[in-house]
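model.cif follows (mmCIF, C-alpha atoms and all ligand atoms):
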data_entry
#
loop_
_atom_site.label_atom_id
_atom_site.label_comp_id
_atom_site.auth_asym_id
_atom_site.auth_seq_id
_atom_site.Cartn_x
_atom_site.Cartn_y
_atom_site.Cartn_z
CA MET Y 1 0.00 0.00 0.00
CA LYS Y 2 1.28 3.44 -0.89
CA THR Y 3 1.79 5.65 2.16
CA LEU Y 4 1.52 9.42 2.25
CA ALA Y 5 5.33 9.58 2.42
CA ASP Y 6 5.59 7.46 -0.75
CA GLU Y 7 3.14 9.77 -2.47
CA ILE Y 8 5.12 12.84 -1.43
CA LEU Y 9 8.38 11.26 -2.58
CA GLU Y 10 6.84 10.51 -5.96
CA ALA Y 11 5.61 14.09 -6.37
CA LEU Y 12 8.85 15.69 -5.14
CA PRO Y 13 10.82 15.88 -8.44
CA GLY Y 14 7.89 17.62 -10.14
CA LEU Y 15 7.48 19.99 -7.22
CA MET Y 16 11.18 20.93 -7.38
CA ASP Y 17 10.70 22.21 -10.94
CA SER Y 18 8.02 24.68 -9.85
CA HIS Y 19 9.55 25.32 -6.39
CA PRO Y 20 13.35 25.57 -6.72
CA LYS Y 21 13.76 26.33 -2.96
CA GLY Y 22 12.10 23.02 -2.11
CA ALA Y 23 8.53 21.90 -1.36
CA ALA Y 24 6.84 23.51 1.66
CA VAL Y 25 4.02 21.86 3.63
CA GLU Y 26 1.27 23.83 1.89
CA ASP Y 27 2.77 23.19 -1.59
CA ILE Y 28 2.53 19.46 -0.93
CA SER Y 29 -0.85 19.46 0.77
CA ASN Y 30 -2.33 21.60 -2.04
CA LEU Y 31 -1.04 19.20 -4.61
CA ILE Y 32 -2.05 15.87 -3.07
CA TYR Y 33 -5.03 17.03 -0.98
CA ALA Y 34 -3.69 15.82 2.38
CA PRO Y 35 -4.06 17.59 5.77
CA ALA Y 36 -1.08 19.83 6.57
CA ALA Y 37 -0.36 18.07 9.89
CA HIS Y 38 -0.11 14.67 8.16
CA VAL Y 39 2.12 16.13 5.45
CA ARG Y 40 4.40 17.69 8.08
CA ALA Y 41 4.72 14.35 9.91
CA ALA Y 42 5.41 12.51 6.63
CA MET Y 43 8.10 15.08 5.70
CA LEU Y 44 9.83 14.52 9.03
CA ALA Y 45 9.60 10.73 8.60
CA LEU Y 46 11.15 11.00 5.11
CA HIS Y 47 14.00 13.09 6.54
CA THR Y 48 14.63 10.73 9.47
CA SER Y 49 14.66 7.68 7.21
CA ALA Y 50 17.02 9.55 4.82
CA ARG Y 51 14.65 9.17 1.83
CA ALA Y 52 14.50 12.98 1.45
CA SER Y 53 16.05 15.96 3.24
CA LEU Y 54 14.66 18.95 5.11
CA ALA Y 55 16.11 22.37 4.37
CA ARG Y 56 15.63 25.80 5.90
CA TRP Y 57 16.65 29.00 4.16
CA PRO Y 58 18.38 31.79 6.13
CA GLY Y 59 16.00 34.31 7.69
CA SER Y 60 13.03 31.92 7.94
CA LYS Y 61 11.92 28.99 10.08
CA ARG Y 62 9.94 27.41 7.29
CA ARG Y 63 11.09 23.92 6.40
CA TYR Y 64 11.23 22.64 2.80
CA LEU Y 65 11.57 19.13 1.49
CA VAL Y 66 14.28 18.44 -1.12
CA PRO Y 67 15.47 15.16 -2.65
CA VAL Y 68 18.44 13.39 -1.06
CA GLY Y 69 21.73 14.82 -2.36
CA HIS Y 70 19.99 17.91 -3.71
CA ASP Y 71 22.49 20.41 -5.12
CA PHE Y 72 21.98 23.78 -3.46
CA GLY Y 73 24.82 25.17 -5.62
CA GLN Y 74 27.80 27.35 -4.65
CA ARG Y 75 29.19 24.92 -2.00
CA ARG Y 76 25.92 25.11 -0.10
CA ARG Y 77 24.49 22.36 2.15
CA ALA Y 78 21.60 21.86 4.55
CA CYS Y 79 22.80 21.56 8.16
CA PRO Y 80 21.97 18.02 9.36
CA HIS Y 81 21.03 19.36 12.79
CA CYS Y 82 19.03 22.57 12.21
CA HIS Y 83 18.43 22.08 8.42
CA LEU Y 84 19.71 25.61 7.68
CA VAL Y 85 21.17 26.01 4.18
CA PHE Y 86 24.71 27.34 4.68
CA THR Y 87 27.90 27.74 2.67
CA LEU Y 88 30.58 25.17 3.52
CA ASN Y 89 33.67 26.58 5.22
CA PRO Y 90 37.18 25.70 3.90
CA ASN Y 91 37.31 22.70 6.26
CA ASP Y 92 34.03 21.29 4.90
CA ALA Y 93 32.55 21.18 8.43
CA PRO Y 94 29.28 19.24 8.10
CA CYS Y 95 27.14 21.60 10.26
CA CYS Y 96 26.27 25.28 10.01
CA SER Y 97 27.80 26.17 13.39
CA LYS Y 98 29.92 24.76 16.18
CA SER Y 99 26.92 24.32 18.49
CA CYS Y 100 24.96 22.46 15.78
CA GLY Y 101 28.05 20.33 15.16
CA SER Y 102 28.39 19.27 18.78
CA GLN Y 103 24.65 18.65 19.18
CA HIS Y 104 24.60 16.64 15.98
CA TRP Y 105 27.56 14.58 17.19
CA TRP Y 106 25.89 14.01 20.58
CA ASN Y 107 22.62 12.86 18.99
CA LYS Y 108 24.44 10.36 16.77
CA ALA Y 109 26.96 9.17 19.39
CA SER Y 110 26.67 5.74 21.01
CA PRO Y 111 26.45 5.53 24.82
CA GLU Y 112 30.14 4.47 24.87
CA GLU Y 113 31.17 7.47 22.78
CA ARG Y 114 29.16 9.79 25.03
CA ALA Y 115 30.71 8.28 28.16
CA ALA Y 116 34.21 8.64 26.67
CA ARG Y 117 33.57 12.35 26.21
CA THR Y 118 31.94 13.04 29.61
CA ALA Y 119 34.20 10.82 31.78
CA PRO Y 120 37.24 13.16 31.78
CA VAL Y 121 35.01 16.18 32.48
CA ILE Y 122 33.31 14.40 35.39
CA ALA Y 123 36.63 13.09 36.75
CA ASN Y 124 38.10 16.58 36.54
CA SER Y 125 35.15 18.11 38.38
CA ARG Y 126 35.71 15.69 41.27
CA THR Y 127 39.29 16.68 42.05
CA PRO Y 128 39.73 18.53 45.37
CA GLU Y 129 40.81 21.69 43.53
CA ALA Y 130 37.76 21.70 41.26
CA ARG Y 131 35.48 21.01 44.23
CA ALA Y 132 37.03 23.87 46.20
CA LYS Y 133 36.57 26.17 43.22
CA THR Y 134 32.92 25.17 42.73
CA SER Y 135 32.26 25.50 46.45
CA ALA Y 136 33.82 28.98 46.58
CA ARG Y 137 31.83 30.09 43.54
CA THR Y 138 28.56 28.72 44.96
CA LYS Y 139 29.20 30.30 48.36
CA ALA Y 140 29.99 33.67 46.79
CA ARG Y 141 26.79 33.46 44.79
CA ALA Y 142 24.72 32.40 47.79
CA ALA Y 143 26.12 35.30 49.83
CA ASP Y 144 25.16 37.89 47.21
CA PRO Y 145 22.10 39.77 48.57
CA ALA Y 146 20.73 40.32 45.07
CA VAL Y 147 20.87 36.58 44.29
CA LYS Y 148 19.37 35.78 47.70
CA ALA Y 149 16.50 38.20 47.19
CA ALA Y 150 15.79 36.88 43.70
CA LEU Y 151 15.78 33.29 44.93
CA SER Y 152 13.54 34.14 47.86
CA GLU Y 153 11.12 35.94 45.55
CA ARG Y 154 11.01 32.99 43.19
CA THR Y 155 10.43 30.49 45.98
CA LYS Y 156 7.72 32.62 47.55
CA ALA Y 157 5.98 33.04 44.20
CA TRP Y 158 6.19 29.29 43.64
CA TRP Y 159 4.66 28.49 47.02
CA ALA Y 160 2.02 31.21 46.61
CA ASN Y 161 0.59 29.14 43.77
CA PRO Y 162 -1.84 26.73 45.50
CA ALA Y 163 -1.51 24.22 42.65
CA ASN Y 164 2.28 23.94 43.21
CA ALA Y 165 1.91 23.64 46.97
CA ALA Y 166 -0.78 20.96 46.62
CA VAL Y 167 1.26 18.91 44.15
CA LEU Y 168 4.34 19.00 46.37
CA ALA Y 169 2.34 18.22 49.51
CA ALA Y 170 0.81 15.19 47.77
CA LYS Y 171 4.26 14.01 46.65
CA ILE Y 172 5.71 14.38 50.15
CA GLN Y 173 2.73 12.57 51.64
CA LYS Y 174 3.07 9.73 49.16
CA VAL Y 175 6.79 9.32 49.85
CA ALA Y 176 6.37 9.66 53.61
CA SER Y 177 3.60 7.08 53.80
CA ASP Y 178 5.45 4.39 51.86
CA PRO Y 179 5.77 1.51 54.39
CA VAL Y 180 9.17 0.36 53.09
CA ARG Y 181 10.61 3.84 53.34
CA ARG Y 182 9.05 4.40 56.75
CA ARG Y 183 10.57 1.22 58.11
CA ALA Y 184 14.00 2.10 56.66
CA MET Y 185 13.80 5.61 58.10
CA SER Y 186 12.73 4.31 61.51
CA GLU Y 187 15.59 1.84 61.59
CA ARG Y 188 18.09 4.50 60.56
CA ARG Y 189 16.83 6.87 63.26
CA LYS Y 190 16.96 4.15 65.92
CA LYS Y 191 20.54 3.37 64.94
CA ASP Y 192 21.41 7.09 65.03
CA TRP Y 193 20.17 7.37 68.59
CA GLN Y 194 22.53 4.56 69.63
CA ASP Y 195 25.42 6.81 68.62
CA PRO Y 196 26.43 8.91 71.68
CA ALA Y 197 27.72 11.75 69.46
CA PHE Y 198 24.43 11.99 67.55
CA ARG Y 199 22.44 11.79 70.77
CA GLU Y 200 24.49 14.51 72.44
CA LYS Y 201 24.20 16.76 69.38
CA LEU Y 202 20.42 16.55 69.24
CA VAL Y 203 19.85 16.70 72.97
CA SER Y 204 22.09 19.73 73.45
CA ALA Y 205 20.52 21.50 70.46
CA HIS Y 206 17.08 20.90 71.91
CA ARG Y 207 18.22 22.02 75.34
CA ALA Y 208 19.60 25.26 73.90
CA VAL Y 209 16.32 26.03 72.13
CA ALA Y 210 14.24 24.99 75.13
CA ALA Y 211 16.18 27.38 77.38
CA THR Y 212 15.15 30.51 75.47
CA PRO Y 213 12.42 32.54 77.20
CA GLU Y 214 10.45 32.78 73.92
CA TYR Y 215 10.33 29.01 73.54
CA ARG Y 216 9.36 28.49 77.19
CA ALA Y 217 6.59 31.05 76.96
CA ARG Y 218 5.24 29.60 73.73
CA ARG Y 219 5.40 26.03 75.00
CA SER Y 220 3.74 27.02 78.23
CA GLU Y 221 0.86 28.64 76.32
CA THR Y 222 0.45 25.62 74.04
CA LEU Y 223 0.49 23.12 76.88
CA LYS Y 224 -1.96 25.15 78.94
CA ALA Y 225 -4.33 25.24 75.99
CA VAL Y 226 -3.94 21.50 75.36
CA TRP Y 227 -4.55 20.55 79.00
CA ALA Y 228 -7.51 22.94 79.27
CA HIS Y 229 -9.12 21.57 76.12
CA PRO Y 230 -12.09 19.36 77.02
CA VAL Y 231 -11.11 16.52 74.66
CA THR Y 232 -7.29 16.60 74.39
CA GLY Y 233 -6.95 17.50 78.08
CA GLU Y 234 -8.99 14.46 79.15
CA THR Y 235 -7.04 12.24 76.74
CA MET Y 236 -3.74 13.45 78.23
CA ARG Y 237 -4.98 12.98 81.79
CA ALA Y 238 -6.17 9.45 81.00
CA ALA Y 239 -2.86 8.62 79.33
CA THR Y 240 -0.92 10.00 82.29
CA ARG Y 241 -2.98 7.98 84.77
CA LYS Y 242 -2.39 4.86 82.70
CA ASN Y 243 1.37 5.53 82.43
CA ILE Y 244 1.69 6.09 86.17
CA ALA Y 245 -0.29 2.94 86.93
CA ARG Y 246 1.89 0.95 84.55
CA ALA Y 247 5.10 2.34 86.04
CA VAL Y 248 3.90 1.61 89.57
CA ASP Y 249 2.88 -1.94 88.57
CA ALA Y 250 6.27 -2.52 87.00
CA VAL Y 251 8.19 -1.73 90.20
CA ARG Y 252 5.67 -2.83 92.82
CA GLY Y 253 7.05 -5.52 95.12
CA LYS Y 254 10.44 -5.33 93.45
CA LYS Y 255 13.39 -3.98 95.29
CA GLN Y 256 15.80 -2.09 93.07
CA THR Y 257 19.37 -3.28 93.23
CA PRO Y 258 21.91 -0.77 94.61
CA GLU Y 259 23.26 -0.56 91.07
CA GLN Y 260 19.81 0.44 89.72
CA VAL Y 261 19.34 3.01 92.45
CA ARG Y 262 22.77 4.51 91.86
CA LYS Y 263 22.14 4.71 88.10
CA ARG Y 264 18.75 6.33 88.56
CA VAL Y 265 20.02 8.92 91.02
CA GLU Y 266 23.02 9.73 88.86
CA ALA Y 267 20.87 10.16 85.74
CA ALA Y 268 18.48 12.43 87.60
CA ARG Y 269 21.36 14.50 88.96
CA ARG Y 270 22.95 14.79 85.54
CA THR Y 271 19.69 15.91 83.92
CA ARG Y 272 19.03 18.42 86.65
CA ALA Y 273 22.54 19.84 86.42
CA LEU Y 274 22.30 20.18 82.64
CA ASN Y 275 18.88 21.80 82.84
CA ARG Y 276 20.16 24.21 85.46
CA ALA Y 277 23.24 25.04 83.44
CA SER Y 278 21.18 25.93 80.38
CA ARG Y 279 18.62 28.08 82.19
CA PRO Y 280 19.17 31.40 84.00
CA THR Y 281 19.25 30.64 87.72
CA VAL Y 282 17.31 32.60 90.30
CA GLN Y 283 20.63 34.23 91.23
CA ASP Y 284 21.10 35.29 87.60
CA ARG Y 285 17.64 36.85 87.65
CA ILE Y 286 18.06 38.58 91.01
CA LEU Y 287 21.13 40.51 89.87
CA PRO Y 288 19.43 42.69 87.20
CA ALA Y 289 16.44 43.22 89.51
CA LEU Y 290 18.68 44.61 92.24
CA ALA Y 291 20.71 46.69 89.78
CA CYS Y 292 18.07 49.43 89.93
CA GLY Y 293 18.19 49.69 93.73
CA PRO Y 294 17.60 47.77 96.97
CA LEU Y 295 14.49 45.56 97.09
CA GLY Y 296 12.66 43.59 99.75
CA VAL Y 297 11.82 39.90 99.31
CA ARG Y 298 8.19 40.65 98.44
CA GLU Y 299 9.29 43.05 95.70
CA LEU Y 300 11.77 40.49 94.40
CA GLU Y 301 9.00 37.91 94.35
CA ALA Y 302 6.96 40.25 92.17
CA ALA Y 303 9.96 40.92 89.92
CA LEU Y 304 10.70 37.19 89.45
CA PRO Y 305 7.38 35.62 88.46
CA GLY Y 306 7.32 31.84 88.79
CA SER Y 307 9.96 31.66 91.55
CA TYR Y 308 9.08 30.50 95.05
CA ARG Y 309 9.89 32.76 97.97
CA GLN Y 310 11.93 29.98 99.57
CA THR Y 311 14.06 29.72 96.44
CA ILE Y 312 14.62 33.47 96.43
CA TYR Y 313 15.63 33.37 100.12
CA ALA Y 314 18.04 30.54 99.45
CA ALA Y 315 19.58 32.37 96.47
CA LEU Y 316 19.93 35.58 98.49
CA HIS Y 317 21.59 33.65 101.31
CA GLU Y 318 24.13 32.16 98.95
CA MET Y 319 24.79 35.50 97.32
CA LYS Y 320 25.27 37.07 100.71
CA LEU Y 321 27.83 34.40 101.61
CA ALA Y 322 29.59 35.04 98.30
CA GLY Y 323 29.70 38.76 99.11
CA ALA Y 324 27.64 39.79 96.10
CA VAL Y 325 24.59 41.02 98.05
CA GLN Y 326 24.14 42.73 101.40
CA ALA Y 327 21.09 42.95 103.64
CA ILE Y 328 20.06 46.42 104.76
CA ARG Y 329 17.81 46.74 107.81
CA ASP Y 330 15.04 49.32 107.31
CA GLY Y 331 12.98 49.42 110.50
CA ARG Y 332 11.18 46.06 110.60
CA ASN Y 333 11.91 45.26 106.97
CA VAL Y 334 15.02 43.94 105.32
CA ARG Y 335 16.07 45.11 101.89
CA TYR Y 336 18.74 43.57 99.73
CA ALA Y 337 21.26 45.55 97.70
CA LEU Y 338 24.16 44.69 95.41
CA VAL Y 339 27.56 45.08 96.99
CA GLN Y 340 29.39 47.71 94.97
CA ARG Y 341 32.89 46.57 94.11
ZN ZN D 401 22.79 24.02 12.01
#
Entire entry expressed as structure tokens:
Amino acid sequence: MKTLADEILEALPGLMDSHPKGAAVEDISNLIYAPAAHVRAAMLALHTSARASLARWPGSKRRYLVPVGHDFGQRRRACPHCHLVFTLNPNDAPCCSKSCGSQHWWNKASPEERAARTAPVIANSRTPEARAKTSARTKARAADPAVKAALSERTKAWWANPANAAVLAAKIQKVASDPVRRRAMSERRKKDWQDPAFREKLVSAHRAVAATPEYRARRSETLKAVWAHPVTGETMRAATRKNIARAVDAVRGKKQTPEQVRKRVEAARRTRALNRASRPTVQDRILPALACGPLGVRELEAALPGSYRQTIYAALHEMKLAGAVQAIRDGRNVRYALVQR
């Protein structure tokens, strides 16, 4: 059966007589009464199978069909990559430009040929010097405020599009809910926590964040709201009761070995010491309060919300012993003042 391409090929020599530049899509479709889209596809198929050639004349994007080996005259050829008709240079380079030449070579090259060309480039980019260079260039770029601003703008604009955000959220959800991946991730995390260095890094980072007044205030608000909520609050209370009952059951009637007791006490001491070290002590908070002038214990209590009076007394006592604070008798009251040094 004769295909459209066969028909076009048959008509091509005649068309060349009336159209010396080559046969355009409409020339062919007018002649053989075929839809332009089909003709265009058949032209491309003829070119790919090397039964005819496509050509493009300078200054236009229109493609023409010419017979294979068509003589364009005056050392002219059609570029095999972009089909542009160009004049051969003295070296008879097969393509119209260097970029067409390299793209044409790449398209024709076998995987081995491609690998042979990319391997040295990749190897070179992995040397320490090349890595240092790339890193320096990337860092310099990332530090440029203009680049930063542009990137931020682009990211914000991307996220502002609800379609983008939804697509990404769905992708993340899909990946995160994959059971195989979840199990692998869980195992990896469990292993990480066995590593003392990893553990220390995360715990100390969390402790540092948890010690900031902003975090403590925010967490306090959140927890208050959760415990006050009729549903979540009751759930938490029930869970706590259950946990306590379970813990009590676990140790009831069992005497802890001296080793267990020692371990428990030591762990508690260590935690308390670390928590204390990362949080401003009552002494630390008394100092700025007294910097403005002598205060009584009641006034200090008001200035240090959340601290017990006993704790304040104890801190003042220690500070007095250390010579940082002095007590001033004022009739029946006692005021405390910083010792000027
Ligand atoms: Zn070209």
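With all atoms listed in the file as the atoms that count, the residue of Y:Cys100, Y:Ala197, Y:Gly59, Y:Met16 with the shortest distance to ligand ZN 401 (chain D) is Y:Cys100.
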Within 8 Å of ligand ZN 401 (chain D), counting all atoms listed in the file: which residues, as a PDB file with C-alpha atoms, in the frame of the given file?
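File written: part07.pdb
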ATOM      1  CA  ALA Y  78      21.600  21.860   4.550  1.00  0.00           C
ATOM      2  CA  CYS Y  79      22.800  21.560   8.160  1.00  0.00           C
ATOM      3  CA  PRO Y  80      21.970  18.020   9.360  1.00  0.00           C
ATOM      4  CA  HIS Y  81      21.030  19.360  12.790  1.00  0.00           C
ATOM      5  CA  CYS Y  82      19.030  22.570  12.210  1.00  0.00           C
ATOM      6  CA  HIS Y  83      18.430  22.080   8.420  1.00  0.00           C
ATOM      7  CA  LEU Y  84      19.710  25.610   7.680  1.00  0.00           C
ATOM      8  CA  CYS Y  95      27.140  21.600  10.260  1.00  0.00           C
ATOM      9  CA  CYS Y  96      26.270  25.280  10.010  1.00  0.00           C
ATOM     10  CA  SER Y  97      27.800  26.170  13.390  1.00  0.00           C
ATOM     11  CA  SER Y  99      26.920  24.320  18.490  1.00  0.00           C
ATOM     12  CA  CYS Y 100      24.960  22.460  15.780  1.00  0.00           C
ATOM     13  CA  GLY Y 101      28.050  20.330  15.160  1.00  0.00           C
TER      14      GLY Y 101
END
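Between atom CA of Y:Ser18 and atom CA of Y:Leu46 lies a distance of 20.5 Å.
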- Query: Near Y:Val282, within 7 Å and counting all atoms listed in the file, which residues show up once chain neighbours fewer than 2 positions away are dropped, as a ChimeraX atom specification?
  - Reply: /Y:280,284-286,312,315
Written file, previous selection with C-alpha atoms, as a CSV table (one decimal), in the frame of the given file:
chain,number,residue,atom,x,y,z
Y,280,PRO,CA,19.2,31.4,84.0
Y,284,ASP,CA,21.1,35.3,87.6
Y,285,ARG,CA,17.6,36.8,87.6
Y,286,ILE,CA,18.1,38.6,91.0
Y,312,ILE,CA,14.6,33.5,96.4
Y,315,ALA,CA,19.6,32.4,96.5
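Interatomic distance, atom CA of Y:Trp106 against atom CA of Y:Ala45: 20.5 Å.
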- Query: Got a sec: who's within 9 Å of Y:Gln326, counting only C-alpha atoms, leaving out chain neighbours fewer than 3 positions off, as a list in words?
  - Reply: Leu316, Met319, Lys320, Gly323, Arg335, Tyr336, Ala337, Leu338 and Val339 of chain Y
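In this model, the gap between atom CA of Y:Thr155 and atom CA of Y:Lys171 comes to 17.6 Å.
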